[in-house]
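Source file: coords-v2.tsv; contents: TSV, C-alpha atoms and all ligand atoms.
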chain	number	residue	atom	x	y	z
A	6	MET	CA	0.00	0.00	0.00
A	7	SER	CA	1.36	3.45	-0.86
A	8	GLN	CA	2.32	5.82	1.92
A	9	VAL	CA	-0.18	8.56	2.81
A	10	ALA	CA	0.62	12.20	3.62
A	11	ARG	CA	-1.66	14.77	5.24
A	12	HIS	CA	-1.73	18.38	4.04
A	13	TRP	CA	-3.67	21.46	5.15
A	14	TYR	CA	-5.25	23.23	2.16
A	15	PHE	CA	-6.33	26.88	1.99
A	16	ASN	CA	-10.08	26.56	1.67
A	17	LYS	CA	-11.59	30.01	2.21
A	18	ARG	CA	-9.97	33.45	2.32
A	19	PRO	CA	-10.89	34.82	5.77
A	20	THR	CA	-12.53	38.18	6.33
A	21	GLY	CA	-11.58	38.99	9.90
A	22	GLU	CA	-10.54	36.12	12.13
A	23	ILE	CA	-9.34	32.74	10.92
A	24	GLU	CA	-12.23	30.29	11.10
A	25	HIS	CA	-12.56	26.51	11.33
A	26	ASP	CA	-13.13	26.18	7.59
A	27	THR	CA	-10.34	28.58	6.54
A	28	LEU	CA	-8.14	25.51	6.02
A	29	VAL	CA	-9.04	21.85	5.49
A	30	LEU	CA	-6.89	18.80	6.22
A	31	ARG	CA	-6.72	16.17	3.47
A	32	SER	CA	-4.89	12.85	3.07
A	33	GLU	CA	-3.21	11.95	-0.20
A	34	PRO	CA	-0.87	9.19	-1.40
A	35	VAL	CA	2.81	10.16	-1.37
A	36	PRO	CA	4.03	10.26	-5.00
A	37	GLU	CA	7.06	8.26	-6.18
A	38	LEU	CA	10.33	10.19	-5.99
A	39	GLN	CA	11.82	11.51	-9.21
A	40	ASP	CA	15.50	12.32	-9.72
A	41	GLY	CA	16.37	15.53	-7.83
A	42	GLU	CA	13.62	15.05	-5.21
A	43	PHE	CA	13.50	13.93	-1.59
A	44	LEU	CA	10.83	12.91	0.90
A	45	PHE	CA	10.74	15.22	3.92
A	46	ARG	CA	9.22	14.09	7.24
A	47	SER	CA	8.10	17.08	9.30
A	48	ILE	CA	9.23	17.30	12.92
A	49	TYR	CA	8.29	20.82	14.02
A	50	MET	CA	6.28	23.56	12.36
A	51	SER	CA	6.47	27.21	13.36
A	52	LEU	CA	3.19	29.10	13.62
A	53	ASP	CA	3.66	32.78	12.86
A	54	ALA	CA	1.50	35.86	12.96
A	55	THR	CA	2.35	36.45	9.33
A	56	ASN	CA	0.54	33.23	8.36
A	57	ARG	CA	-2.64	35.32	8.58
A	58	VAL	CA	-1.09	37.96	6.29
A	59	TRP	CA	-0.40	35.29	3.65
A	60	MET	CA	-4.11	34.38	3.74
A	61	SER	CA	-5.14	37.95	2.93
A	62	ASP	CA	-5.35	39.42	-0.57
A	63	TRP	CA	-3.17	42.38	0.46
A	64	ASP	CA	-0.22	43.54	-1.60
A	65	THR	CA	2.60	42.29	0.67
A	66	TYR	CA	6.17	41.00	0.53
A	67	MET	CA	4.80	37.69	-0.86
A	68	GLU	CA	2.15	36.71	-3.37
A	69	PRO	CA	-1.21	36.12	-1.62
A	70	LEU	CA	-1.81	32.39	-1.07
A	71	PRO	CA	-4.28	31.21	-3.74
A	72	VAL	CA	-7.40	29.46	-2.45
A	73	GLY	CA	-6.95	25.75	-3.12
A	74	ALA	CA	-3.18	25.79	-2.47
A	75	ARG	CA	-1.49	24.01	0.40
A	76	MET	CA	-1.00	26.29	3.43
A	77	LEU	CA	2.55	27.61	3.78
A	78	GLY	CA	4.70	27.50	6.89
A	79	PHE	CA	8.24	27.23	8.23
A	80	LEU	CA	9.24	23.66	9.08
A	81	ILE	CA	12.12	21.54	10.20
A	82	GLY	CA	12.27	17.83	9.49
A	83	GLU	CA	14.21	14.79	8.38
A	84	VAL	CA	15.02	13.54	4.90
A	85	VAL	CA	13.64	9.97	4.84
A	86	LYS	CA	14.10	9.08	1.14
A	87	SER	CA	16.27	10.89	-1.33
A	88	ARG	CA	17.23	11.18	-4.97
A	89	HIS	CA	18.69	14.65	-4.31
A	90	PRO	CA	22.48	15.02	-3.91
A	91	ASP	CA	22.30	17.89	-1.39
A	92	PHE	CA	19.75	16.29	0.95
A	93	PRO	CA	20.94	12.79	1.93
A	94	VAL	CA	18.76	10.33	3.87
A	95	GLY	CA	18.99	10.97	7.62
A	96	SER	CA	19.94	14.63	7.26
A	97	LEU	CA	17.85	17.49	8.66
A	98	ALA	CA	16.39	20.22	6.48
A	99	THR	CA	14.49	23.41	7.18
A	100	GLY	CA	12.63	25.99	5.15
A	101	LEU	CA	9.42	27.53	3.93
A	102	SER	CA	7.18	24.69	2.81
A	103	THR	CA	3.65	23.45	3.43
A	104	TRP	CA	1.59	22.41	6.47
A	105	SER	CA	2.12	18.69	5.86
A	106	ASP	CA	3.49	15.66	7.67
A	107	TYR	CA	5.28	14.30	4.58
A	108	ILE	CA	6.36	16.37	1.59
A	109	VAL	CA	7.96	15.34	-1.69
A	110	THR	CA	10.08	18.27	-2.80
A	111	ASP	CA	12.81	19.24	-5.23
A	112	GLY	CA	14.37	21.21	-2.36
A	113	GLU	CA	13.10	24.64	-3.37
A	114	GLY	CA	12.71	26.73	-0.22
A	115	PHE	CA	14.67	24.20	1.87
A	116	SER	CA	18.22	24.29	3.13
A	117	PRO	CA	20.20	21.75	5.11
A	118	PHE	CA	19.83	22.42	8.84
A	119	VAL	CA	23.06	23.22	10.67
A	120	SER	CA	22.86	22.20	14.36
A	121	LEU	CA	24.01	24.65	16.99
A	122	GLN	CA	26.14	23.12	19.70
A	123	GLY	CA	24.38	23.02	23.06
A	124	VAL	CA	20.99	24.10	21.67
A	125	SER	CA	18.17	21.53	21.20
A	126	LEU	CA	16.42	21.13	17.86
A	127	ALA	CA	13.18	22.68	19.18
A	128	ASP	CA	14.99	25.67	20.67
A	129	ALA	CA	17.23	26.22	17.66
A	130	PHE	CA	14.31	26.06	15.25
A	131	GLY	CA	11.69	27.79	17.38
A	132	THR	CA	13.71	30.53	18.95
A	133	LEU	CA	16.53	31.11	16.54
A	134	ALA	CA	15.13	30.41	13.07
A	135	VAL	CA	12.92	33.50	12.71
A	136	ALA	CA	12.23	35.16	16.08
A	137	GLY	CA	15.89	35.51	17.09
A	138	PRO	CA	17.15	37.16	13.90
A	139	THR	CA	14.01	39.35	13.83
A	140	ALA	CA	14.67	40.62	17.35
A	141	TYR	CA	18.39	41.10	16.67
A	142	VAL	CA	18.03	42.95	13.36
A	143	GLY	CA	15.04	45.00	14.49
A	144	LEU	CA	16.57	46.20	17.72
A	145	LEU	CA	20.22	46.63	16.81
A	146	GLU	CA	20.35	47.29	13.06
A	147	ILE	CA	17.05	49.12	12.54
A	148	GLY	CA	16.46	50.51	16.04
A	149	LYS	CA	20.18	51.17	16.65
A	150	ALA	CA	19.67	50.64	20.38
A	151	LYS	CA	22.62	51.79	22.48
A	152	PRO	CA	23.52	51.82	26.18
A	153	GLY	CA	21.33	54.14	28.22
A	154	ASP	CA	18.44	54.10	25.73
A	155	THR	CA	14.90	53.54	26.97
A	156	VAL	CA	13.40	50.78	24.84
A	157	VAL	CA	9.70	49.91	24.70
A	158	VAL	CA	8.56	46.63	23.15
A	159	THR	CA	4.99	45.49	22.53
A	160	ALA	CA	3.77	41.85	22.54
A	161	ALA	CA	6.74	41.70	24.89
A	162	ALA	CA	6.11	38.18	26.21
A	163	GLY	CA	5.88	36.73	22.70
A	164	ALA	CA	8.59	35.00	20.70
A	165	VAL	CA	10.09	38.15	19.20
A	166	GLY	CA	9.26	40.56	22.02
A	167	ALA	CA	10.86	38.55	24.82
A	168	LEU	CA	14.12	38.35	22.87
A	169	VAL	CA	14.05	42.06	21.96
A	170	GLY	CA	13.81	43.04	25.62
A	171	GLN	CA	16.61	40.76	26.71
A	172	ILE	CA	18.94	41.79	23.88
A	173	ALA	CA	18.24	45.39	24.86
A	174	LYS	CA	19.19	44.57	28.47
A	175	ILE	CA	22.42	42.91	27.25
A	176	HIS	CA	23.18	46.20	25.49
A	177	GLY	CA	22.64	48.32	28.60
A	178	CYS	CA	19.18	49.72	27.84
A	179	ARG	CA	16.25	50.36	30.17
A	180	VAL	CA	13.45	48.10	28.94
A	181	ILE	CA	9.69	48.37	29.29
A	182	GLY	CA	7.47	45.59	27.96
A	183	ILE	CA	3.76	45.67	27.17
A	184	ALA	CA	1.87	42.38	27.45
A	185	GLY	CA	-1.63	41.04	27.98
A	186	SER	CA	-1.65	39.22	31.34
A	187	ARG	CA	-0.30	39.46	34.88
A	188	GLU	CA	1.57	36.19	34.45
A	189	LYS	CA	3.27	37.43	31.26
A	190	CYS	CA	4.24	40.74	32.91
A	191	GLN	CA	5.61	38.93	35.94
A	192	TRP	CA	7.68	36.64	33.69
A	193	LEU	CA	9.14	39.70	31.95
A	194	THR	CA	10.24	41.51	35.09
A	195	GLU	CA	11.05	38.60	37.42
A	196	ASP	CA	12.58	36.07	35.02
A	197	LEU	CA	13.79	38.05	32.01
A	198	GLY	CA	15.08	41.17	33.76
A	199	PHE	CA	12.82	43.76	32.10
A	200	ASP	CA	12.79	46.98	34.15
A	201	ALA	CA	9.01	47.30	33.94
A	202	ALA	CA	6.01	45.65	32.30
A	203	ILE	CA	2.60	47.11	31.56
A	204	ASN	CA	-0.47	44.85	31.42
A	205	TYR	CA	-2.59	46.49	28.75
A	206	ARG	CA	-5.67	44.56	29.84
A	207	GLU	CA	-5.52	46.22	33.26
A	208	GLU	CA	-4.30	49.73	32.60
A	209	ASP	CA	-4.13	52.39	29.95
A	210	VAL	CA	-0.90	51.92	27.96
A	211	LEU	CA	-0.17	55.64	27.61
A	212	GLU	CA	-0.57	56.20	31.35
A	213	GLY	CA	1.60	53.19	32.10
A	214	LEU	CA	4.30	54.41	29.74
A	215	ARG	CA	4.24	57.92	31.22
A	216	ARG	CA	4.93	56.36	34.61
A	217	GLU	CA	7.58	53.85	33.50
A	218	ALA	CA	9.36	56.06	30.95
A	219	PRO	CA	9.44	59.49	32.65
A	220	ASP	CA	12.40	60.56	30.50
A	221	GLY	CA	10.76	59.48	27.23
A	222	ILE	CA	11.39	56.64	24.78
A	223	ASP	CA	14.43	56.29	22.51
A	224	VAL	CA	13.51	53.05	20.71
A	225	HIS	CA	9.94	51.88	20.27
A	226	PHE	CA	9.79	48.29	18.94
A	227	GLU	CA	6.31	47.71	17.58
A	228	ASN	CA	4.78	44.23	17.24
A	229	VAL	CA	1.12	45.15	17.72
A	230	GLY	CA	0.19	48.56	16.28
A	231	GLY	CA	-2.97	50.57	16.94
A	232	GLU	CA	-3.15	52.36	20.29
A	233	PHE	CA	0.19	50.89	21.38
A	234	LEU	CA	2.00	52.56	18.49
A	235	ASP	CA	0.19	55.79	19.23
A	236	ALA	CA	1.19	55.72	22.89
A	237	GLY	CA	4.81	55.11	21.91
A	238	LEU	CA	4.81	57.93	19.34
A	239	THR	CA	3.38	60.30	21.94
A	240	LEU	CA	6.34	59.79	24.28
A	241	MET	CA	9.24	59.51	21.84
A	242	ASN	CA	12.38	61.54	22.51
A	243	ASN	CA	14.08	63.64	19.86
A	244	TYR	CA	15.83	61.52	17.21
A	245	GLY	CA	14.11	58.35	18.47
A	246	ARG	CA	13.77	55.24	16.32
A	247	VAL	CA	10.42	53.49	15.79
A	248	VAL	CA	10.86	49.93	14.55
A	249	ILE	CA	7.81	48.52	12.80
A	250	CYS	CA	8.28	44.78	13.13
A	251	GLY	CA	4.64	43.69	13.27
A	252	LEU	CA	1.10	45.05	13.50
A	253	ILE	CA	-0.68	41.95	14.76
A	254	SER	CA	-3.70	43.89	16.08
A	255	THR	CA	-4.51	44.85	12.48
A	256	TYR	CA	-4.06	41.50	10.68
A	257	ASN	CA	-7.70	40.47	11.23
A	258	ALA	CA	-9.08	43.92	10.36
A	259	THR	CA	-12.10	43.92	8.06
A	260	GLY	CA	-11.67	47.54	6.93
A	261	PRO	CA	-9.05	50.29	6.73
A	262	VAL	CA	-7.16	50.75	10.01
A	263	PRO	CA	-7.03	54.40	11.19
A	264	GLY	CA	-4.12	56.19	12.78
A	265	PRO	CA	-1.54	56.52	14.10
A	266	TYR	CA	-2.88	59.81	15.38
A	267	MET	CA	0.38	61.08	16.88
A	268	PHE	CA	2.08	60.93	13.49
A	269	ARG	CA	3.03	64.59	13.82
A	270	ASN	CA	5.73	63.58	16.27
A	271	VAL	CA	7.70	62.15	13.36
A	272	ILE	CA	8.41	65.81	12.59
A	273	MET	CA	8.27	67.33	16.05
A	274	LYS	CA	10.65	64.72	17.50
A	275	ARG	CA	12.72	64.13	14.31
A	276	LEU	CA	11.91	60.41	14.38
A	277	VAL	CA	13.00	57.63	12.08
A	278	ILE	CA	10.26	55.04	11.48
A	279	GLU	CA	11.38	51.93	9.65
A	280	GLY	CA	9.74	48.64	8.84
A	281	PHE	CA	11.59	45.48	7.80
A	282	VAL	CA	11.02	41.91	6.65
A	283	ILE	CA	13.48	39.47	8.16
A	284	LEU	CA	13.56	37.28	5.04
A	285	ASP	CA	15.60	40.07	3.41
A	286	TYR	CA	18.41	39.38	5.88
A	287	ALA	CA	18.66	35.62	5.24
A	288	ALA	CA	22.24	35.87	3.94
A	289	HIS	CA	23.41	36.99	7.42
A	290	PHE	CA	21.48	34.45	9.52
A	291	ALA	CA	24.55	32.35	10.39
A	292	THR	CA	26.15	35.38	12.08
A	293	TYR	CA	22.99	36.19	14.07
A	294	HIS	CA	22.57	32.51	15.05
A	295	GLU	CA	26.08	32.29	16.46
A	296	LYS	CA	25.60	35.43	18.56
A	297	LEU	CA	22.13	34.42	19.77
A	298	ALA	CA	23.22	30.85	20.56
A	299	GLU	CA	26.14	32.21	22.59
A	300	TRP	CA	23.72	34.29	24.70
A	301	MET	CA	21.38	31.30	25.09
A	302	ARG	CA	24.19	29.02	26.23
A	303	SER	CA	25.47	31.62	28.72
A	304	GLY	CA	21.96	32.04	30.17
A	305	GLN	CA	21.69	35.70	29.07
A	306	LEU	CA	18.79	34.88	26.73
A	307	LYS	CA	15.85	32.98	28.18
A	308	TYR	CA	12.87	31.88	26.15
A	309	ARG	CA	9.92	29.58	26.22
A	310	ILE	CA	8.43	27.39	23.56
A	311	HIS	CA	4.67	26.87	23.45
A	312	MET	CA	4.42	23.41	21.86
A	313	GLU	CA	1.09	22.14	20.53
A	314	GLU	CA	0.82	18.47	19.59
A	315	GLY	CA	-0.04	17.13	16.14
A	316	LEU	CA	-0.66	18.44	12.65
A	317	ASP	CA	-4.44	18.03	13.15
A	318	GLY	CA	-4.53	20.80	15.75
A	319	ALA	CA	-2.43	23.30	13.76
A	320	LEU	CA	-5.32	25.52	12.65
A	321	ASP	CA	-6.73	25.89	16.18
A	322	ALA	CA	-3.22	26.46	17.47
A	323	LEU	CA	-2.60	29.30	14.99
A	324	ARG	CA	-5.59	31.18	16.39
A	325	LEU	CA	-3.84	31.40	19.79
A	326	LEU	CA	-1.50	34.07	18.42
A	327	TYR	CA	-4.38	36.52	17.94
A	328	THR	CA	-5.92	35.98	21.39
A	329	GLY	CA	-2.68	35.99	23.37
A	330	GLY	CA	-3.28	32.31	24.20
A	331	ASN	CA	0.34	31.42	23.41
A	332	ASN	CA	2.99	31.50	26.10
A	333	GLY	CA	6.20	31.79	24.13
A	334	LYS	CA	7.17	30.76	20.63
A	335	LEU	CA	4.22	28.89	19.14
A	336	MET	CA	5.10	25.61	17.42
A	337	VAL	CA	3.49	22.32	16.49
A	338	ARG	CA	5.17	18.95	17.01
A	339	ILE	CA	4.33	16.89	13.93
A	340	GLY	CA	6.77	14.00	14.23
A	341	ALA	CA	9.45	12.55	16.48
A	342	VAL	CA	12.99	13.95	16.70
A	343	PRO	CA	15.39	11.33	15.24
A	344	ASN	CA	17.83	9.69	17.71
A	401	LIG	N1	9.03	41.93	10.31
A	401	LIG	C1	9.35	40.65	10.33
A	401	LIG	O1	10.13	40.15	9.53
A	401	LIG	C2	8.72	39.78	11.40
A	401	LIG	C3	9.21	38.49	11.67
A	401	LIG	C4	8.60	37.74	12.69
A	401	LIG	C5	7.54	38.29	13.41
A	401	LIG	N2	7.10	39.53	13.10
A	401	LIG	C6	5.99	40.16	13.84
A	401	LIG	O2	6.32	40.14	15.22
A	401	LIG	C7	5.12	40.14	15.98
A	401	LIG	C8	5.23	39.07	17.04
A	401	LIG	O3	5.28	37.80	16.39
A	401	LIG	P1	5.64	36.49	17.21
A	401	LIG	O4	5.80	35.40	16.23
A	401	LIG	O5	6.74	36.76	18.16
A	401	LIG	O6	4.29	36.21	17.99
A	401	LIG	P2	4.08	36.25	19.56
A	401	LIG	O7	4.46	37.61	20.03
A	401	LIG	O8	4.71	35.06	20.17
A	401	LIG	O9	2.51	36.08	19.67
A	401	LIG	C9	1.66	37.11	19.32
A	401	LIG	C10	1.26	37.93	20.57
A	401	LIG	O10	0.73	39.17	20.15
A	401	LIG	C11	-0.15	39.65	21.14
A	401	LIG	N3	-1.39	40.11	20.47
A	401	LIG	C12	-2.13	39.45	19.56
A	401	LIG	N4	-3.19	40.19	19.16
A	401	LIG	C13	-3.12	41.35	19.90
A	401	LIG	C14	-3.92	42.52	19.94
A	401	LIG	N5	-5.03	42.66	19.19
A	401	LIG	N6	-3.56	43.50	20.81
A	401	LIG	C15	-2.46	43.37	21.59
A	401	LIG	N7	-1.66	42.30	21.58
A	401	LIG	C16	-1.98	41.30	20.72
A	401	LIG	C17	-0.46	38.47	22.08
A	401	LIG	O11	0.24	38.68	23.30
A	401	LIG	P3	-0.49	39.36	24.59
A	401	LIG	O12	-0.96	38.24	25.45
A	401	LIG	O13	0.60	40.14	25.21
A	401	LIG	O14	-1.63	40.18	24.06
A	401	LIG	C18	0.15	37.28	21.37
A	401	LIG	O15	0.63	36.30	22.27
A	401	LIG	C19	3.98	39.96	14.99
A	401	LIG	O16	3.36	41.19	14.74
A	401	LIG	C20	4.67	39.45	13.74
A	401	LIG	O17	3.96	39.77	12.57
A	401	LIG	C21	7.66	40.28	12.11
What does this structure look like when you write it as structure tokens?
Ligand SMILES: NC(=O)c1ccc[n+]([C@@H]2O[C@H](COP(=O)([O-])OP(=O)(O)OC[C@H]3O[C@@H](n4cnc5c(N)ncnc54)[C@H](OP(=O)(O)O)[C@@H]3O)[C@@H](O)[C@H]2O)c1
Amino acid sequence: MSQVARHWYFNKRPTGEIEHDTLVLRSEPVPELQDGEFLFRSIYMSLDATNRVWMSDWDTYMEPLPVGARMLGFLIGEVVKSRHPDFPVGSLATGLSTWSDYIVTDGEGFSPFVSLQGVSLADAFGTLAVAGPTAYVGLLEIGKAKPGDTVVVTAAAGAVGALVGQIAKIHGCRVIGIAGSREKCQWLTEDLGFDAAINYREEDVLEGLRREAPDGIDVHFENVGGEFLDAGLTLMNNYGRVVICGLISTYNATGPVPGPYMFRNVIMKRLVIEGFVILDYAAHFATYHEKLAEWMRSGQLKYRIHMEEGLDGALDALRLLYTGGNNGKLMVRIGAVPN
């Protein structure tokens, strides 16, 4: 009997939130390998806020996902059969592929996975593959954070945010995080060394920032958008840097998103606002990985992985990102880690 693979297909372009019929899971026979192809067995899949952006019909950094296509995602897995010289059986590969447990591929979008000494596969993939470089580039290369700066980061207890705050601490900054629960805020200040955390579900963000950043903000690292961005803009210091990494509060919007209202401060405070897409920095990932892994091994960078079990639950798991239901980097375990 031929082997069967399961794939999530894009079934209905969402308006607003992702729904239960946005994707459908189907089983199909695994095709025979042709020369230049390999069979990839998925181990972990990363769930990312931008998955929702790919489902939209917006003009973005990627073509919108066509309805009827397999859902795209970042994966790491094992090569289990191969007729491809660069991906031998037993090796690990990672890349942008599809929400599937088995994939026959010619290798496009994949690269061999290089292990990092002293860092587990889940941590290396979950924390370092996308979130780590995003935090590093956003804070240091775009935000140009320097010792003594006051740095504000939103979605601070998330995969990117938690790393941004800690990298800022390593670089001698004062760090204020904004997050959506008491437990998350406590984790930021007590475990990660943030100087302050504001629970936006319990207090007004602008008031909280006025209290915690009495001398103003030098780097505002935005992951959420909306009123958070406005509050940050209101309190920016002269020549401050506003890093637009993500606008997750707007990804489910059903109409045009207004604001930011304090845009005039771009002039009044001589601000630089810059957005970035981490995929553009792929050529430098090895350098970022080495630096980040060094901080992880020395205990200077802490992180948590929120692992959901099984490909079947991937769609429900993705929705956690938009409710704050994830505690740390959201991933799905699809298959076992090889011995
Ligand atoms: N530019 C790039 O290349 C790049 C690369 C990777 C990620 N990103 C962006 O970085 C951001 C964080 O991504 P991540 O993967 O690290 O996810 P994450 O922060 O681990 O998870 C998303 C978090 O966002 C918060 N959130 C969701 N909806 C919200 C809303 N309406 N208002 C306020 N907070 C909300 C929730 O935390 P609370 O419980 O605190 O509300 C949730 O846990 C996203 O905006 C993503 O698009 C950008």
Subject >> Close residues, segment 9-26 of chain A itself excluded, 6 Å, only C-alpha atoms, min 2 positions apart in chain, as a ChimeraX atom specification >> reply: /A:28-35,72-76,104-107,257-259
With all atoms listed in the file counted and 7 Å as the cut-off, give the residues of chain A in contact with ligand LIG 401 (chain A), each with its shortest interatomic distance in Å and the pair that gives it, as CSV.
residue,atom,partner,partner_atom,distance
A:Asp53,CA,A:LIG401,O4,4.8
A:Ala54,CA,A:LIG401,O17,4.6
A:Thr55,CA,A:LIG401,O17,4.9
A:Val135,CA,A:LIG401,C4,6.1
A:Ala136,CA,A:LIG401,C4,5.6
A:Thr139,CA,A:LIG401,C3,5.3
A:Ala160,CA,A:LIG401,O13,4.5
A:Ala161,CA,A:LIG401,O13,6.3
A:Ala162,CA,A:LIG401,O13,5.9
A:Gly163,CA,A:LIG401,O7,3.1
A:Ala164,CA,A:LIG401,O5,3.6
A:Val165,CA,A:LIG401,O5,3.8
A:Gly166,CA,A:LIG401,O5,6.0
A:Ile183,CA,A:LIG401,O13,6.7
A:Ala184,CA,A:LIG401,O13,3.4
A:Gly185,CA,A:LIG401,O13,3.7
A:Ser186,CA,A:LIG401,O12,6.0
A:Asn228,CA,A:LIG401,O16,4.2
A:Val229,CA,A:LIG401,O16,5.4
A:Cys250,CA,A:LIG401,N1,4.1
A:Gly251,CA,A:LIG401,O16,3.2
A:Leu252,CA,A:LIG401,O16,4.6
A:Ile253,CA,A:LIG401,O16,4.1
A:Ser254,CA,A:LIG401,N5,3.6
A:Gly280,CA,A:LIG401,N1,6.9
A:Phe281,CA,A:LIG401,N1,5.0
A:Val282,CA,A:LIG401,O1,3.5
A:Ile283,CA,A:LIG401,O1,3.7
A:Leu284,CA,A:LIG401,O1,6.3
A:Leu326,CA,A:LIG401,C9,4.5
A:Tyr327,CA,A:LIG401,C12,4.0
A:Thr328,CA,A:LIG401,C12,5.5
A:Gly329,CA,A:LIG401,O15,3.5
A:Gly330,CA,A:LIG401,O15,5.9
A:Asn331,CA,A:LIG401,O15,5.0
A:Asn332,CA,A:LIG401,O15,6.6
A:Gly333,CA,A:LIG401,O8,5.3
A:Lys334,CA,A:LIG401,O8,5.0
A:Leu335,CA,A:LIG401,O8,6.3
Subject >> Nearest candidate to Met50 of chain A (options A:Leu97, A:Leu77, A:Leu70, A:Ala202; using only C-alpha atoms) >> reply: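 Of A:Leu97, A:Leu77, A:Leu70, A:Ala202, the one nearest Met50 of chain A is A:Leu77, counting only C-alpha atoms.
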Subject >> Two-atom distance - atom CA of Thr27 of chain A, atom CA of Leu44 of chain A (Å) >> reply: 26.9 Å
**OP:** Could you tell me how far atom CA of Ala140 of chain A lies from atom CA of Val169 of chain A, in Å and to one decimal?
**Re:**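 Going from atom CA of Ala140 of chain A over to atom CA of Val169 of chain A covers 4.9 Å.
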Sorted by chain and rising residue number, which residues of segment 48-93 of chain A lie within 10 Å of segment 293-316 of chain A, and what are their closest atom pairs and distances in Å to one decimal, counting all atoms listed in the file, as JSON lines?
{"residue": "A:Ile48", "atom": "CA", "partner": "A:Gly315", "partner_atom": "CA", "distance": 9.8}
{"residue": "A:Tyr49", "atom": "CA", "partner": "A:Met312", "partner_atom": "CA", "distance": 9.1}
{"residue": "A:Met50", "atom": "CA", "partner": "A:Leu316", "partner_atom": "CA", "distance": 8.6}
{"residue": "A:Ser51", "atom": "CA", "partner": "A:Met312", "partner_atom": "CA", "distance": 9.5}
**OP:** Using atom CA of His225 of chain A and atom CA of Leu197 of chain A as the two end points, give the distance in Å to one decimal.
**Re:** 18.5 Å
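With distances restricted to all atoms listed in the file, A:Leu193 is the closest residue to Ala167 of chain A from A:Leu193, A:Val94, A:Leu52, A:Ile181.
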Original post:
Between A:Tyr256, A:Val337, A:Met67, A:Val180, which one has atoms that come closest to Asp321 of chain A, using only C-alpha atoms?
Top reply: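 Residue with the minimum atom-to-atom distance to Asp321 of chain A: A:Val337.
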Subject >> Residue list as a ChimeraX atom specification for point (11.3, 23.3, 19.0), cut-off 7 Å, only C-alpha atoms >> reply: /A:49,126-131,310,336
In file coordinates, which residues lie within 10 Å of (22.3, 9.7, 3.7) using only C-alpha atoms, given as an mmCIF file with C-alpha atoms, in the frame of the given file?
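The resulting file, out25.cif, is shown below:
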data_model
loop_
_atom_site.group_PDB
_atom_site.id
_atom_site.type_symbol
_atom_site.label_atom_id
_atom_site.label_comp_id
_atom_site.auth_asym_id
_atom_site.auth_seq_id
_atom_site.Cartn_x
_atom_site.Cartn_y
_atom_site.Cartn_z
ATOM 1 C CA VAL A 84 15.020 13.540 4.900
ATOM 2 C CA VAL A 85 13.640 9.970 4.840
ATOM 3 C CA LYS A 86 14.100 9.080 1.140
ATOM 4 C CA SER A 87 16.270 10.890 -1.330
ATOM 5 C CA PRO A 90 22.480 15.020 -3.910
ATOM 6 C CA ASP A 91 22.300 17.890 -1.390
ATOM 7 C CA PHE A 92 19.750 16.290 0.950
ATOM 8 C CA PRO A 93 20.940 12.790 1.930
ATOM 9 C CA VAL A 94 18.760 10.330 3.870
ATOM 10 C CA GLY A 95 18.990 10.970 7.620
ATOM 11 C CA SER A 96 19.940 14.630 7.260
#
